[in-house]
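Chemist: Here's a structure for you.
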There are 2 protein chains.
Amino acid sequence: MFTLYYAPGTCALASHIALEQAGADYQAVRVDFSSNQQQSPHFLSVNPKGRVPALVTSRGVLTETPAILQFICQTFPKAGLAPLDDVFELARMNAFNSYLCSTVHIAHAHGRRGYRWADDPVAIAAMQKKVPQTMSECFSLIESEYFQGPWVLGEHYTVSDMYLFTIAQWLEGDGVDAEKFPNVAEHRRRMAALPVVSQVLAAQRQPA
Amino acid sequence: MFTLYYAPGTCALASHIALEQAGADYQAVRVDFSSNQQQSPHFLSVNPKGRVPALVTSRGVLTETPAILQFICQTFPKAGLAPLDDVFELARMNAFNSYLCSTVHIAHAHGRRGYRWADDPVAIAAMQKKVPQTMSECFSLIESEYFQGPWVLGEHYTVSDMYLFTIAQWLEGDGVDAEKFPNVAEHRRRMAALPVVSQVLAAQRQPA
């Protein structure tokens, strides 16, 4: 039995979909960002970073989306959500996930959480202003170089699809027209139509 | 035979040490950042992101430090550089590496490459100003929560040690006194004394 701490609209969606898709026995616990619950003593005792996702396992707490995603794939190998038997392909998957985590998510975060990197309101406004450009550059690279089709890594549906879907959900809010990236946009529609994805999105919309 | 593209002083050091430690057959090729060689047509054909590290393998190019590190560990399992047989411990390693990649390295990058996230010189200066604080907060968390001792993950030396060493090298340049974090500082000295580490640092100092 796992416990996933999440907040709606965050990158925790990828881990949530992966748990559901893998058929894991889990509960999802919402962290209320509107009341800053991620900084509460209780939540900080779960995850001292004060962030979601955090996955509580019988052996301890895991954080960081790329690590949680591979953990779910390896814990439920029959679900076939990663190329576990191919060291190179697995590295390609992790490189994609790491790019989402360390470049694309970070580009997005400058629109909402610029205070992490500067105190001056002028600087925070300047960061917000650049988000449409940086997010467009990231998705141009994904569209032209990394999205293989029909799934992110090619013929096989993996956790990278869940993670790309999660971050692609943010494009309009970041001032970017997703239709500029036809492969990503079509992938996003296809992902949204999967029963497992609509089920998780509906669960995240339920009152806490 | 692998080819590692690196630049001195960058996070590519971690992959370089891992290749050497694993006994891999590889060549290291320097990318000259002073002449902006990372944006040259040749290098962009290797890595369209225009970043190092990039690891050329017989099956294609891998990028992103956490992905490259696990790839090296899995390709050379006898080197014992990761807990490959323990899904939870491997996830803990990847969570640590992902934190370095997506939070600590990003905090550092705001001191040198703020132009990635804002165009206004006032904003770039404000980002630089906050780097000592953000890097201190990251290393406080590593010191208090994540560094197990004697190695990052506990009893076993892994690629997380190489990656932590790499980023800890940046502390003074970021205006942070490494001695505020006694476990990290002692680990850094111990890592610097390893023959494999001094050998790689010496190789990176050679004229290109």
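FYI, nothing fancy with the structure tokens labels: chains A, B, ... in order, residues from 1 per chain, ligands from 1 as they appear.
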Can you pull out the residues contacting Ser45 of chain B? Cut-off 12 Å, using only C-alpha atoms, and skip same-chain residues under 4 positions away; I want them as JSON, numbers by chain.

Modeler: {"A": [145], "B": [37, 38, 39, 40, 41, 49, 50, 51, 54, 56, 60, 61]}

Chemist: Can you tell me which residues surround segment 12-21 of chain A at a distance of at most 7 Å, considering only C-alpha atoms, apart from same-chain residues fewer than 3 positions away, and format the answer as a count of residues only?

Modeler: 16

Chemist: Starting from chain A, keep only residues with some atom at most 8 Å from an atom of chain B, counting only C-alpha atoms, and report them as a ChimeraX atom specification.

Modeler: /A:48-49,59,62-64,66-68,70-71,74-75,87-88,91-92,94-95,98-99,101-103,106-107,110,116-120,122-124,126-127,129-131,134,141,145
